[in-house]
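Student: Okay, so here is data_23.cif, and as you'll see once you scroll down, it has mmCIF, C-alpha atoms.
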data_run
loop_
_atom_site.label_atom_id
_atom_site.label_comp_id
_atom_site.auth_asym_id
_atom_site.auth_seq_id
_atom_site.Cartn_x
_atom_site.Cartn_y
_atom_site.Cartn_z
CA MET A 1 -20.85 -0.72 -13.49
CA GLY A 2 -21.91 -4.07 -12.06
CA PHE A 3 -18.61 -5.48 -13.14
CA LEU A 4 -16.65 -2.69 -11.43
CA ASP A 5 -18.77 -3.06 -8.32
CA ALA A 6 -17.92 -6.73 -8.10
CA LEU A 7 -14.25 -5.89 -8.42
CA LEU A 8 -14.26 -3.14 -5.82
CA ARG A 9 -16.55 -4.70 -3.25
CA PRO A 10 -14.56 -6.24 -0.38
CA ARG A 11 -14.62 -10.03 -0.55
CA GLN A 12 -16.79 -11.92 1.90
CA PRO A 13 -14.72 -13.66 4.56
CA THR A 14 -14.39 -17.39 3.90
CA SER A 15 -16.21 -19.86 6.14
CA ARG A 16 -12.76 -21.01 7.23
CA ALA A 17 -11.94 -17.54 8.56
CA ILE A 18 -15.31 -17.30 10.30
CA ALA A 19 -14.88 -20.74 11.89
CA LYS A 20 -11.45 -19.82 13.18
CA GLU A 21 -12.58 -16.53 14.64
CA ARG A 22 -15.61 -18.11 16.34
CA LEU A 23 -13.48 -20.88 17.79
CA GLN A 24 -10.85 -18.47 19.09
CA LEU A 25 -13.53 -16.66 21.05
CA VAL A 26 -15.32 -19.72 22.39
CA LEU A 27 -12.13 -21.56 23.40
CA VAL A 28 -10.90 -18.64 25.49
CA HIS A 29 -14.08 -18.78 27.58
CA ASP A 30 -14.24 -22.61 27.64
CA ARG A 31 -10.72 -22.87 29.00
CA VAL A 32 -11.24 -20.67 32.01
CA GLN A 33 -14.91 -21.58 32.38
CA LEU A 34 -15.82 -17.93 32.51
CA SER A 35 -18.81 -16.87 30.43
CA PRO A 36 -18.91 -13.39 28.91
CA GLN A 37 -21.62 -12.49 31.47
CA THR A 38 -19.49 -13.62 34.44
CA LEU A 39 -16.58 -11.68 33.03
CA GLN A 40 -18.80 -8.58 32.86
CA ASP A 41 -19.87 -9.09 36.51
CA LEU A 42 -16.23 -9.44 37.50
CA LYS A 43 -15.43 -6.21 35.69
CA ASP A 44 -18.25 -4.32 37.42
CA GLU A 45 -17.18 -5.51 40.87
CA LEU A 46 -13.56 -4.76 40.14
CA ILE A 47 -14.45 -1.21 39.12
CA GLU A 48 -16.47 -0.76 42.31
CA THR A 49 -13.64 -2.03 44.51
CA ILE A 50 -10.85 -0.07 42.85
CA SER A 51 -12.78 3.19 42.76
CA ARG A 52 -13.10 3.06 46.53
CA TYR A 53 -9.35 3.66 46.69
CA VAL A 54 -8.45 5.65 43.58
CA ASP A 55 -10.31 7.60 40.94
CA ILE A 56 -10.52 5.68 37.71
CA ASP A 57 -11.92 6.33 34.28
CA ARG A 58 -14.75 3.82 34.48
CA ASP A 59 -15.64 3.89 30.82
CA ALA A 60 -12.10 3.15 29.69
CA VAL A 61 -11.56 0.09 31.90
CA GLU A 62 -10.70 -2.98 29.87
CA ILE A 63 -10.75 -6.50 31.26
CA SER A 64 -9.92 -9.27 28.82
CA LEU A 65 -8.69 -12.84 28.58
CA SER A 66 -5.50 -13.47 26.66
CA GLN A 67 -3.93 -16.74 25.58
CA ASN A 68 -0.35 -17.80 25.08
CA ARG A 69 -0.18 -21.41 23.88
CA ARG A 70 -2.53 -23.02 26.41
CA GLU A 71 -1.94 -20.55 29.23
CA SER A 72 -4.74 -18.14 30.00
CA ARG A 73 -4.27 -14.73 31.52
CA LEU A 74 -6.74 -12.17 32.81
CA VAL A 75 -5.57 -8.76 31.63
CA ALA A 76 -6.88 -5.57 33.21
CA ASP A 77 -6.17 -2.10 31.88
CA ILE A 78 -7.48 0.48 34.35
CA PRO A 79 -6.71 4.12 33.54
CA LEU A 80 -6.53 6.38 36.59
CA THR A 81 -7.92 9.88 36.50
CA ARG A 82 -6.09 12.70 38.24
CA ALA A 83 -6.59 12.39 42.00
CA LYS A 84 -9.16 14.81 43.38
CA ARG A 85 -7.47 17.46 45.45
CA GLY A 86 -7.85 17.19 49.16
CA ARG A 87 -9.42 13.75 49.02
CA SER A 88 -7.05 12.28 51.58
CA GLU A 89 -7.78 15.09 54.08
CA ARG A 90 -11.46 14.40 54.17
CA MET B 1 11.41 -53.23 28.86
CA PRO B 2 7.74 -52.79 29.81
CA GLY B 3 5.40 -51.70 27.04
CA ARG B 4 4.07 -48.19 26.46
CA VAL B 5 0.42 -47.32 26.89
CA ILE B 6 -0.93 -44.98 24.21
CA THR B 7 -4.48 -43.69 24.71
CA ILE B 8 -6.47 -42.47 21.72
CA THR B 9 -9.21 -40.03 22.61
CA SER B 10 -11.12 -37.10 21.10
CA GLY B 11 -13.82 -35.50 23.20
CA LYS B 12 -16.36 -35.64 20.39
CA GLY B 13 -17.65 -38.94 19.03
CA GLY B 14 -17.53 -39.94 15.39
CA VAL B 15 -14.24 -38.27 14.48
CA GLY B 16 -12.42 -41.56 13.87
CA LYS B 17 -10.95 -42.67 17.22
CA THR B 18 -11.55 -46.37 16.66
CA THR B 19 -10.36 -46.25 13.06
CA THR B 20 -7.25 -44.37 14.20
CA THR B 21 -6.57 -46.84 17.04
CA ALA B 22 -6.94 -49.84 14.71
CA ASN B 23 -4.74 -48.36 12.03
CA ILE B 24 -1.96 -47.16 14.33
CA ALA B 25 -2.00 -50.60 15.98
CA VAL B 26 -1.60 -52.22 12.56
CA GLY B 27 1.13 -49.70 11.67
CA LEU B 28 3.11 -50.53 14.82
CA ALA B 29 2.65 -54.27 14.23
CA LEU B 30 3.98 -53.81 10.68
CA LEU B 31 7.11 -52.33 12.30
CA GLY B 32 7.54 -55.64 14.10
CA GLN B 33 6.26 -54.38 17.45
CA ARG B 34 4.06 -56.55 19.65
CA VAL B 35 0.82 -54.58 19.92
CA VAL B 36 -2.45 -55.07 21.75
CA ALA B 37 -5.40 -52.85 20.89
CA VAL B 38 -7.73 -52.49 23.86
CA ASP B 39 -11.35 -51.45 23.40
CA THR B 40 -12.27 -49.47 26.52
CA ASP B 41 -15.64 -48.37 25.15
CA ILE B 42 -17.58 -50.76 27.36
CA GLY B 43 -21.12 -51.35 26.14
CA LEU B 44 -20.32 -49.98 22.66
CA ARG B 45 -17.82 -52.52 21.34
CA ASN B 46 -16.49 -51.66 17.87
CA LEU B 47 -12.72 -52.02 17.64
CA ASP B 48 -13.17 -55.78 16.98
CA LEU B 49 -15.32 -54.99 13.95
CA VAL B 50 -12.84 -52.50 12.48
CA LEU B 51 -9.97 -54.96 12.97
CA GLY B 52 -12.00 -57.83 11.51
CA LEU B 53 -11.70 -59.91 14.68
CA ASP B 54 -15.35 -59.76 15.74
CA ASN B 55 -16.10 -63.41 15.08
CA ARG B 56 -13.31 -64.71 17.31
CA ILE B 57 -14.22 -63.14 20.67
CA VAL B 58 -14.75 -65.50 23.60
CA TYR B 59 -14.05 -63.38 26.68
CA ASP B 60 -13.76 -59.61 27.13
CA LEU B 61 -12.08 -56.94 29.24
CA VAL B 62 -14.73 -57.05 31.98
CA ASP B 63 -14.39 -60.86 32.22
CA VAL B 64 -10.67 -60.35 32.88
CA VAL B 65 -11.21 -57.58 35.43
CA GLU B 66 -13.84 -59.59 37.29
CA GLY B 67 -11.72 -62.74 37.28
CA ARG B 68 -13.92 -64.95 35.07
CA CYS B 69 -10.98 -65.73 32.82
CA ARG B 70 -7.25 -65.22 32.59
CA LEU B 71 -5.92 -62.30 30.54
CA ARG B 72 -4.48 -64.61 27.87
CA GLN B 73 -7.84 -66.24 27.30
CA ALA B 74 -9.47 -62.91 26.45
CA ILE B 75 -6.79 -61.73 24.02
CA VAL B 76 -7.60 -62.39 20.37
CA LYS B 77 -4.58 -62.76 18.10
CA ASP B 78 -4.72 -61.60 14.51
CA ARG B 79 -4.06 -64.55 12.21
CA HIS B 80 -2.62 -62.47 9.37
CA LEU B 81 -0.48 -60.17 11.52
CA PRO B 82 0.91 -62.26 14.39
CA GLU B 83 2.28 -59.19 16.26
CA LEU B 84 -1.23 -57.76 16.59
CA ALA B 85 -3.78 -58.68 19.25
CA LEU B 86 -7.09 -57.34 20.55
CA LEU B 87 -8.61 -57.13 24.00
CA PRO B 88 -12.30 -56.54 23.28
CA ALA B 89 -14.77 -54.49 25.33
CA ALA B 90 -17.77 -56.08 26.99
CA GLN B 91 -20.92 -55.48 25.00
CA THR B 92 -23.50 -56.21 27.70
CA ARG B 93 -22.16 -53.97 30.47
CA ASP B 94 -21.63 -50.25 30.94
CA LYS B 95 -18.79 -47.90 31.83
CA SER B 96 -19.26 -48.39 35.58
CA ALA B 97 -18.09 -52.03 35.27
CA VAL B 98 -14.42 -50.97 35.41
CA THR B 99 -12.54 -48.47 37.60
CA ALA B 100 -9.45 -46.43 36.75
CA ALA B 101 -7.40 -48.51 39.24
CA GLN B 102 -8.50 -51.75 37.55
CA MET B 103 -7.58 -50.31 34.15
CA CYS B 104 -4.11 -49.39 35.46
CA ALA B 105 -3.63 -52.89 36.90
CA LEU B 106 -4.73 -54.48 33.62
CA CYS B 107 -2.31 -52.32 31.65
CA GLY B 108 0.42 -53.26 34.11
CA GLU B 109 -0.06 -56.89 33.09
CA LEU B 110 -0.25 -56.07 29.39
CA ARG B 111 3.01 -54.08 29.59
CA GLN B 112 4.82 -57.34 30.37
CA GLU B 113 3.57 -59.03 27.19
CA PHE B 114 3.46 -56.25 24.62
CA ASP B 115 5.58 -53.35 23.34
CA TYR B 116 2.54 -51.13 22.78
CA ILE B 117 -0.84 -51.07 24.45
CA MET B 118 -3.26 -48.98 22.39
CA LEU B 119 -6.30 -47.86 24.39
CA ASP B 120 -9.32 -46.83 22.35
CA SER B 121 -11.16 -44.38 24.63
CA PRO B 122 -14.92 -43.85 24.58
CA ALA B 123 -16.19 -40.46 23.40
CA GLY B 124 -17.06 -37.84 25.99
CA ILE B 125 -15.25 -36.66 29.10
CA GLU B 126 -16.97 -38.93 31.64
CA SER B 127 -15.69 -41.92 33.63
CA GLY B 128 -14.81 -44.08 30.60
CA PHE B 129 -12.54 -41.34 29.28
CA HIS B 130 -10.87 -40.93 32.69
CA ASN B 131 -10.36 -44.70 32.96
CA ALA B 132 -8.64 -44.75 29.57
CA LEU B 133 -6.52 -41.76 30.54
CA ALA B 134 -5.32 -43.13 33.91
CA PRO B 135 -2.74 -45.68 32.63
CA ALA B 136 -1.56 -43.59 29.63
CA ASP B 137 2.12 -42.87 28.94
CA GLN B 138 1.14 -40.92 25.83
CA VAL B 139 -2.20 -39.45 24.78
CA VAL B 140 -3.19 -38.95 21.16
CA ILE B 141 -6.11 -36.61 20.43
CA VAL B 142 -8.08 -37.15 17.23
CA THR B 143 -10.05 -34.31 15.72
CA THR B 144 -11.58 -33.37 12.40
CA PRO B 145 -11.41 -29.80 11.04
CA ASP B 146 -14.96 -29.00 12.27
CA VAL B 147 -15.87 -26.38 14.85
CA SER B 148 -17.57 -28.82 17.24
CA ALA B 149 -14.80 -31.45 17.02
CA VAL B 150 -12.11 -28.83 17.65
CA ARG B 151 -14.01 -27.37 20.59
CA ASP B 152 -14.51 -30.79 22.20
CA ALA B 153 -10.88 -31.72 21.54
CA ASP B 154 -9.88 -28.58 23.43
CA ARG B 155 -11.96 -29.67 26.43
CA ALA B 156 -10.35 -33.12 26.36
CA ILE B 157 -6.88 -31.54 26.16
CA GLY B 158 -7.77 -29.42 29.19
CA PHE B 159 -8.54 -32.57 31.20
CA ILE B 160 -5.41 -34.32 29.96
CA GLU B 161 -3.25 -31.42 31.13
CA ALA B 162 -5.09 -31.10 34.43
CA ASN B 163 -4.37 -34.81 35.05
CA GLU B 164 -0.71 -34.29 34.11
CA LYS B 165 -0.96 -36.66 31.16
CA GLY B 166 0.20 -34.05 28.64
CA PRO B 167 1.52 -33.00 26.31
CA ALA B 168 -0.97 -34.80 24.09
CA ARG B 169 -0.21 -35.17 20.40
CA LEU B 170 -2.72 -34.35 17.69
CA VAL B 171 -4.10 -36.28 14.71
CA VAL B 172 -6.17 -34.20 12.31
CA ASN B 173 -8.44 -36.64 10.53
CA ARG B 174 -10.55 -36.33 7.38
CA ILE B 175 -8.94 -33.28 5.87
CA LYS B 176 -10.53 -32.40 2.54
CA PRO B 177 -7.78 -30.66 0.55
CA GLU B 178 -10.21 -29.34 -2.05
CA MET B 179 -12.31 -27.58 0.61
CA VAL B 180 -9.18 -26.23 2.29
CA ARG B 181 -8.08 -24.83 -1.07
CA ARG B 182 -11.41 -23.02 -1.46
CA GLY B 183 -11.14 -21.54 2.05
CA GLU B 184 -14.16 -23.52 3.22
CA MET B 185 -12.39 -25.70 5.80
CA LEU B 186 -10.04 -25.01 8.70
CA THR B 187 -6.45 -25.71 7.70
CA ILE B 188 -4.00 -27.87 9.67
CA GLU B 189 -2.26 -24.66 10.73
CA ASP B 190 -5.55 -23.20 12.00
CA VAL B 191 -6.31 -26.29 14.09
CA LEU B 192 -2.77 -26.35 15.51
CA GLU B 193 -2.92 -22.67 16.39
CA LEU B 194 -6.30 -23.07 18.09
CA LEU B 195 -5.44 -26.19 20.10
CA ALA B 196 -1.77 -25.31 20.70
CA ILE B 197 -0.45 -28.87 20.87
CA ASP B 198 2.00 -30.79 18.69
CA LEU B 199 0.97 -32.57 15.52
CA VAL B 200 1.60 -36.29 15.08
CA GLY B 201 -0.40 -36.88 11.92
CA ILE B 202 -2.62 -35.59 9.13
CA VAL B 203 -5.07 -38.03 7.57
CA PRO B 204 -6.91 -37.09 4.39
CA GLU B 205 -10.56 -37.93 3.83
CA ASP B 206 -10.29 -41.16 1.89
CA GLU B 207 -12.99 -43.50 0.64
CA SER B 208 -10.62 -46.43 1.04
CA VAL B 209 -11.09 -46.12 4.83
CA VAL B 210 -14.81 -46.84 4.47
CA VAL B 211 -14.09 -49.74 2.13
CA SER B 212 -11.45 -51.28 4.38
CA THR B 213 -13.64 -50.84 7.48
CA ASN B 214 -16.47 -52.57 5.62
CA ARG B 215 -14.14 -55.48 4.95
CA GLY B 216 -12.65 -55.56 8.45
CA SER B 217 -9.15 -55.03 7.09
CA PRO B 218 -7.70 -51.68 8.24
CA ALA B 219 -6.53 -49.18 5.60
CA ALA B 220 -2.98 -49.31 7.01
CA LEU B 221 -2.70 -52.74 5.34
CA ASP B 222 -3.59 -51.24 1.96
CA ARG B 223 -0.44 -50.03 0.22
CA LYS B 224 -2.48 -47.95 -2.25
CA SER B 225 -4.51 -46.06 0.35
CA GLN B 226 -3.41 -42.47 1.05
CA ALA B 227 -5.02 -42.60 4.51
CA GLY B 228 -3.34 -45.96 5.13
CA GLN B 229 0.01 -44.34 4.38
CA ALA B 230 -0.83 -41.49 6.77
CA PHE B 231 -1.66 -43.95 9.56
CA ARG B 232 1.54 -45.94 9.00
CA ASN B 233 3.47 -42.65 9.25
CA ILE B 234 1.76 -41.86 12.57
CA ALA B 235 2.78 -45.28 13.90
CA LYS B 236 6.38 -44.57 12.90
CA ARG B 237 6.34 -41.16 14.60
CA LEU B 238 4.91 -42.62 17.80
CA HIS B 239 7.66 -45.24 17.61
CA GLY B 240 10.20 -42.40 17.55
CA GLU B 241 11.02 -42.15 13.86
CA GLU B 242 11.21 -38.80 12.11
CA VAL B 243 8.81 -38.93 9.19
CA PRO B 244 8.03 -35.80 7.16
CA PHE B 245 4.35 -34.90 6.91
CA MET B 246 3.09 -35.82 3.48
CA ALA B 247 1.63 -33.16 1.25
CA ILE B 248 -2.04 -33.86 0.86
CA LYS B 249 -3.25 -33.11 -2.62
CA PRO B 250 -6.82 -33.16 -3.82
CA SER B 251 -7.49 -36.26 -5.88
CA GLU B 252 -8.43 -34.29 -8.98
CA THR B 253 -10.94 -35.34 -11.53
CA LEU B 254 -10.26 -34.54 -15.17
CA LEU B 255 -13.13 -32.05 -15.12
CA GLY B 256 -11.82 -30.36 -11.99
CA ARG B 257 -8.41 -29.99 -13.56
CA LEU B 258 -9.91 -28.45 -16.72
CA VAL B 259 -12.00 -26.01 -14.67
CA ARG B 260 -8.91 -24.95 -12.74
CA LEU B 261 -6.93 -24.43 -15.97
CA VAL B 262 -9.64 -22.20 -17.38
CA ARG B 263 -9.93 -20.06 -14.23
#
Could the structure of this file be written out as structure tokens, please?

Tutor:
Amino acid sequence: MGFLDALLRPRQPTSRAIAKERLQLVLVHDRVQLSPQTLQDLKDELIETISRYVDIDRDAVEISLSQNRRESRLVADIPLTRAKRGRSER
Amino acid sequence: MPGRVITITSGKGGVGKTTTTANIAVGLALLGQRVVAVDTDIGLRNLDLVLGLDNRIVYDLVDVVEGRCRLRQAIVKDRHLPELALLPAAQTRDKSAVTAAQMCALCGELRQEFDYIMLDSPAGIESGFHNALAPADQVVIVTTPDVSAVRDADRAIGFIEANEKGPARLVVNRIKPEMVRRGEMLTIEDVLELLAIDLVGIVPEDESVVVSTNRGSPAALDRKSQAGQAFRNIAKRLHGEEVPFMAIKPSETLLGRLVRLVR
């Protein structure tokens, strides 16, 4: 059984793969000098601001940094919920 | 035609900047180019030692900048390779002894006398690094396949691009093919993908580099050294030649080969 276990168990990621993944994450933040905490603050403020104008699904908001070659981009995906009826009349 | 200034830098210390500068300088000199290697690491002079010219220094870069001697008096010529010369760093001063404008003026003079001016930058991203960057026509970044070296290289590349000195070209130093094969070291492709700049050379980990540095005779002069070959190839690429990247194979022991056959 031990033998079968060894065969079936998923292989541990190599230290190379771990190094690459860790670097990918850290370089994204280094390049824009935006720590994960600052990014979270930005997200919270953005949600506050946007929800003053439209109804959004707060839990589904995604703010992330993306890279293309050495260009960084802040990507925001903000799903809107159906507008509350009569809101504009109030 | 005025000479080209090539700055070798890395972010992190200890990845082989000085060794790379010395060996590319030798490689360019072997191509018949007039080359001066300039040690800009003021206070931490080392390029002279790697080139084996340490016992012939009279004046240094700061003496020239401060007008205590003429440029020609400070330049040390290599006796074995007449195309190669060294402008040593001062050992008793610090980075604040020279400004970026002075470094640009100095390189302006050197451009008249040499085809290539190789600036060995200090480690870090402080003033010494910026001084070495200011006169550069081409920047070469040296890294090793380690997380901290790659991270620091990325910071240096960021500064190079912000100062409009890019695109920098990358040397990946001290690759250990056996560790790469086992998946225990970042590959060349990984490093290139992470840093997103162009490759100019791959240098394998090679004991002959230690030996030649001990002797003060750079590996690029050693026809049998794999790293020496890699450095000569980098010199050719920087000189504009197309040279294919050599396949780096682990130097296998008999035991290692047997183990691999059995597996």

Student: Interatomic distance between atom CA of B:Ala89 and atom CA of B:Leu61?

Tutor: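 Atom CA of B:Leu61 lies 5.3 Å from atom CA of B:Ala89.
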
Student: What do you get, as a list in words, if you spell out every residue that the PyMOL selection byres ((chain A and resi 69) around 12) selects here?

Tutor: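 That expression, the PyMOL selection byres ((chain A and resi 69) around 12), corresponds here to Leu27, Val28, Arg31, Ser66, Gln67, Asn68, Arg70, Glu71, Ser72 and Arg73 of chain A; Pro167, Leu192, Glu193, Leu194, Leu195, Ala196, Ile197 and Asp198 of chain B.
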
Student: Determine, counting all atoms listed in the file, which protein, DNA and RNA residues have an atom within 10 Å of an atom of B:Thr18; residues of the same chain fewer than 6 positions away are not included. Present the result as a ChimeraX atom specification.

Tutor: /B:8-9,24,37,39,41,45-51,119-122,142

Student: Kindly determine which residues of chain A lie within 8 Å of chain B, considering all atoms listed in the file, and give the answer as a list of chain:residue names.

Tutor: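 Using all atoms listed in the file, chain A residues at most 8 Å from chain B: A:Thr14, A:Ser15, A:Arg16, A:Ala17, A:Ala19, A:Lys20, A:Leu23, A:Gln24, A:Val26, A:Leu27, A:Asp30, A:Arg31, A:Arg69, A:Arg70.
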
Student: Can you give me, as a PyMOL selection string, the residues this file yields under the PyMOL selection byres ((chain B and resi 113-117) around 12)?

Tutor: chain B and resi 1-8+21-22+24-29+31-40+71-72+75+83-87+103-104+106-112+118-120+132+135-139+235+238-239

Student: Could you check which of A:Leu34, A:Thr81, A:Gln12, A:Ile18 is closest to A:Ser51, using only C-alpha atoms?

Tutor: A:Thr81

Student: So which residues touch B:Ala101 within 8 Å, counting all atoms listed in the file, skipping near sequence neighbours fewer than 4 positions away, as a PyMOL selection string?

Tutor: chain B and resi 105+131+134

Student: Residues picked by the PyMOL selection byres ((chain A and resi 54) around 9) here, as a list in words?

Tutor: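 With the PyMOL selection byres ((chain A and resi 54) around 9) on this model, the match is Ile50, Ser51, Arg52, Tyr53, Asp55, Ile56, Leu80, Thr81 and Ala83 of chain A.
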
Student: Between atom CA of B:Lys236 and atom CA of B:Ala153, what is the distance, to one decimal in Å?

Tutor: 23.2 Å

Student: Please indicate the distance in Å from atom CA of A:Pro36 to atom CA of B:Ile188, rounded to one decimal place.

Tutor: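 Atom CA of B:Ile188 lies at a distance of 28.3 Å from atom CA of A:Pro36.
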
Student: Using all atoms listed in the file, determine which residues lie at most 10 Å from stretch 214-227 of chain B, disregarding the query and same-chain residues fewer than 2 positions distant; provide the list as a compact mmCIF listing (two decimals) with C-alpha atoms, in the frame of the given file.

Tutor:
# COMPACT_ATOMS: atom_id res chain seq x y z
CA THR B 19 -10.36 -46.25 13.06
CA THR B 20 -7.25 -44.37 14.20
CA ALA B 22 -6.94 -49.84 14.71
CA ASN B 23 -4.74 -48.36 12.03
CA ILE B 24 -1.96 -47.16 14.33
CA ALA B 25 -2.00 -50.60 15.98
CA VAL B 26 -1.60 -52.22 12.56
CA GLY B 27 1.13 -49.70 11.67
CA LEU B 28 3.11 -50.53 14.82
CA LEU B 30 3.98 -53.81 10.68
CA LEU B 47 -12.72 -52.02 17.64
CA ASP B 48 -13.17 -55.78 16.98
CA LEU B 49 -15.32 -54.99 13.95
CA VAL B 50 -12.84 -52.50 12.48
CA LEU B 51 -9.97 -54.96 12.97
CA GLY B 52 -12.00 -57.83 11.51
CA LEU B 53 -11.70 -59.91 14.68
CA ASP B 54 -15.35 -59.76 15.74
CA LEU B 81 -0.48 -60.17 11.52
CA ASN B 173 -8.44 -36.64 10.53
CA ARG B 174 -10.55 -36.33 7.38
CA ILE B 202 -2.62 -35.59 9.13
CA VAL B 203 -5.07 -38.03 7.57
CA PRO B 204 -6.91 -37.09 4.39
CA GLU B 205 -10.56 -37.93 3.83
CA ASP B 206 -10.29 -41.16 1.89
CA GLU B 207 -12.99 -43.50 0.64
CA SER B 208 -10.62 -46.43 1.04
CA VAL B 209 -11.09 -46.12 4.83
CA VAL B 210 -14.81 -46.84 4.47
CA VAL B 211 -14.09 -49.74 2.13
CA SER B 212 -11.45 -51.28 4.38
CA GLN B 229 0.01 -44.34 4.38
CA ALA B 230 -0.83 -41.49 6.77
CA PHE B 231 -1.66 -43.95 9.56
CA ARG B 232 1.54 -45.94 9.00
CA ASN B 233 3.47 -42.65 9.25
CA ALA B 235 2.78 -45.28 13.90
CA MET B 246 3.09 -35.82 3.48
CA ILE B 248 -2.04 -33.86 0.86

Student: Write out as lines of an AutoDock Vina configuration file an axis-aligned box for stretch 174-182 of chain B: all of its atoms listed in the file, 5 Å added on each side, centre and edge lengths in Å with one decimal.

Tutor:
center_x = -10.0
center_y = -29.7
center_z = 2.7
size_x = 14.5
size_y = 23.3
size_z = 19.4

Student: Out of B:Asp60, B:Asp94, B:Glu241, B:Asp78, which residue has the shortest atom-to-atom distance to B:Gly43 when counting only C-alpha atoms?

Tutor: B:Asp94

Student: Would you please take stretch 122-136 of chain B of the structure in the block above and write N, CA, C and O atoms to a file as a PDB file, in the first residue's frame?

Tutor:
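Wrote out36.pdb, looks like this:
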ATOM      1  N   PRO B 122      29.275  50.055  -8.175  1.00  0.00           N
ATOM      2  CA  PRO B 122      29.173  49.467  -6.836  1.00  0.00           C
ATOM      3  C   PRO B 122      27.821  48.774  -6.673  1.00  0.00           C
ATOM      4  O   PRO B 122      26.887  49.024  -7.444  1.00  0.00           O
ATOM      5  N   ALA B 123      27.707  47.903  -5.675  1.00  0.00           N
ATOM      6  CA  ALA B 123      26.420  47.274  -5.371  1.00  0.00           C
ATOM      7  C   ALA B 123      25.485  48.329  -4.794  1.00  0.00           C
ATOM      8  O   ALA B 123      25.923  49.423  -4.439  1.00  0.00           O
ATOM      9  N   GLY B 124      24.216  47.989  -4.715  1.00  0.00           N
ATOM     10  CA  GLY B 124      23.249  48.916  -4.120  1.00  0.00           C
ATOM     11  C   GLY B 124      22.611  49.807  -5.159  1.00  0.00           C
ATOM     12  O   GLY B 124      22.894  49.701  -6.363  1.00  0.00           O
ATOM     13  N   ILE B 125      21.724  50.687  -4.684  1.00  0.00           N
ATOM     14  CA  ILE B 125      21.036  51.604  -5.606  1.00  0.00           C
ATOM     15  C   ILE B 125      21.200  53.035  -5.108  1.00  0.00           C
ATOM     16  O   ILE B 125      20.349  53.882  -5.331  1.00  0.00           O
ATOM     17  N   GLU B 126      22.348  53.294  -4.436  1.00  0.00           N
ATOM     18  CA  GLU B 126      22.613  54.640  -3.912  1.00  0.00           C
ATOM     19  C   GLU B 126      23.436  55.452  -4.920  1.00  0.00           C
ATOM     20  O   GLU B 126      23.545  55.097  -6.077  1.00  0.00           O
ATOM     21  N   SER B 127      24.072  56.511  -4.411  1.00  0.00           N
ATOM     22  CA  SER B 127      24.734  57.479  -5.296  1.00  0.00           C
ATOM     23  C   SER B 127      25.779  56.850  -6.230  1.00  0.00           C
ATOM     24  O   SER B 127      25.866  57.212  -7.398  1.00  0.00           O
ATOM     25  N   GLY B 128      26.567  55.903  -5.714  1.00  0.00           N
ATOM     26  CA  GLY B 128      27.601  55.281  -6.547  1.00  0.00           C
ATOM     27  C   GLY B 128      27.013  54.597  -7.766  1.00  0.00           C
ATOM     28  O   GLY B 128      27.565  54.660  -8.873  1.00  0.00           O
ATOM     29  N   PHE B 129      25.879  53.962  -7.580  1.00  0.00           N
ATOM     30  CA  PHE B 129      25.163  53.293  -8.671  1.00  0.00           C
ATOM     31  C   PHE B 129      24.665  54.329  -9.684  1.00  0.00           C
ATOM     32  O   PHE B 129      24.839  54.169 -10.899  1.00  0.00           O
ATOM     33  N   HIS B 130      24.101  55.432  -9.179  1.00  0.00           N
ATOM     34  CA  HIS B 130      23.603  56.478 -10.076  1.00  0.00           C
ATOM     35  C   HIS B 130      24.731  57.149 -10.844  1.00  0.00           C
ATOM     36  O   HIS B 130      24.579  57.491 -12.019  1.00  0.00           O
ATOM     37  N   ASN B 131      25.895  57.315 -10.193  1.00  0.00           N
ATOM     38  CA  ASN B 131      27.061  57.890 -10.872  1.00  0.00           C
ATOM     39  C   ASN B 131      27.532  56.997 -12.017  1.00  0.00           C
ATOM     40  O   ASN B 131      27.923  57.484 -13.072  1.00  0.00           O
ATOM     41  N   ALA B 132      27.487  55.692 -11.780  1.00  0.00           N
ATOM     42  CA  ALA B 132      27.939  54.747 -12.814  1.00  0.00           C
ATOM     43  C   ALA B 132      26.919  54.652 -13.950  1.00  0.00           C
ATOM     44  O   ALA B 132      27.256  54.333 -15.085  1.00  0.00           O
ATOM     45  N   LEU B 133      25.674  54.936 -13.625  1.00  0.00           N
ATOM     46  CA  LEU B 133      24.598  54.860 -14.613  1.00  0.00           C
ATOM     47  C   LEU B 133      24.600  56.087 -15.547  1.00  0.00           C
ATOM     48  O   LEU B 133      24.319  55.975 -16.743  1.00  0.00           O
ATOM     49  N   ALA B 134      24.931  57.253 -14.958  1.00  0.00           N
ATOM     50  CA  ALA B 134      24.793  58.526 -15.686  1.00  0.00           C
ATOM     51  C   ALA B 134      25.458  58.546 -17.070  1.00  0.00           C
ATOM     52  O   ALA B 134      24.836  59.004 -18.028  1.00  0.00           O
ATOM     53  N   PRO B 135      26.716  58.081 -17.214  1.00  0.00           N
ATOM     54  CA  PRO B 135      27.335  58.172 -18.546  1.00  0.00           C
ATOM     55  C   PRO B 135      27.044  56.981 -19.467  1.00  0.00           C
ATOM     56  O   PRO B 135      27.547  56.956 -20.597  1.00  0.00           O
ATOM     57  N   ALA B 136      26.255  56.015 -19.028  1.00  0.00           N
ATOM     58  CA  ALA B 136      26.122  54.740 -19.757  1.00  0.00           C
ATOM     59  C   ALA B 136      25.409  54.868 -21.102  1.00  0.00           C
ATOM     60  O   ALA B 136      24.397  55.548 -21.219  1.00  0.00           O
TER      61      ALA B 136
END
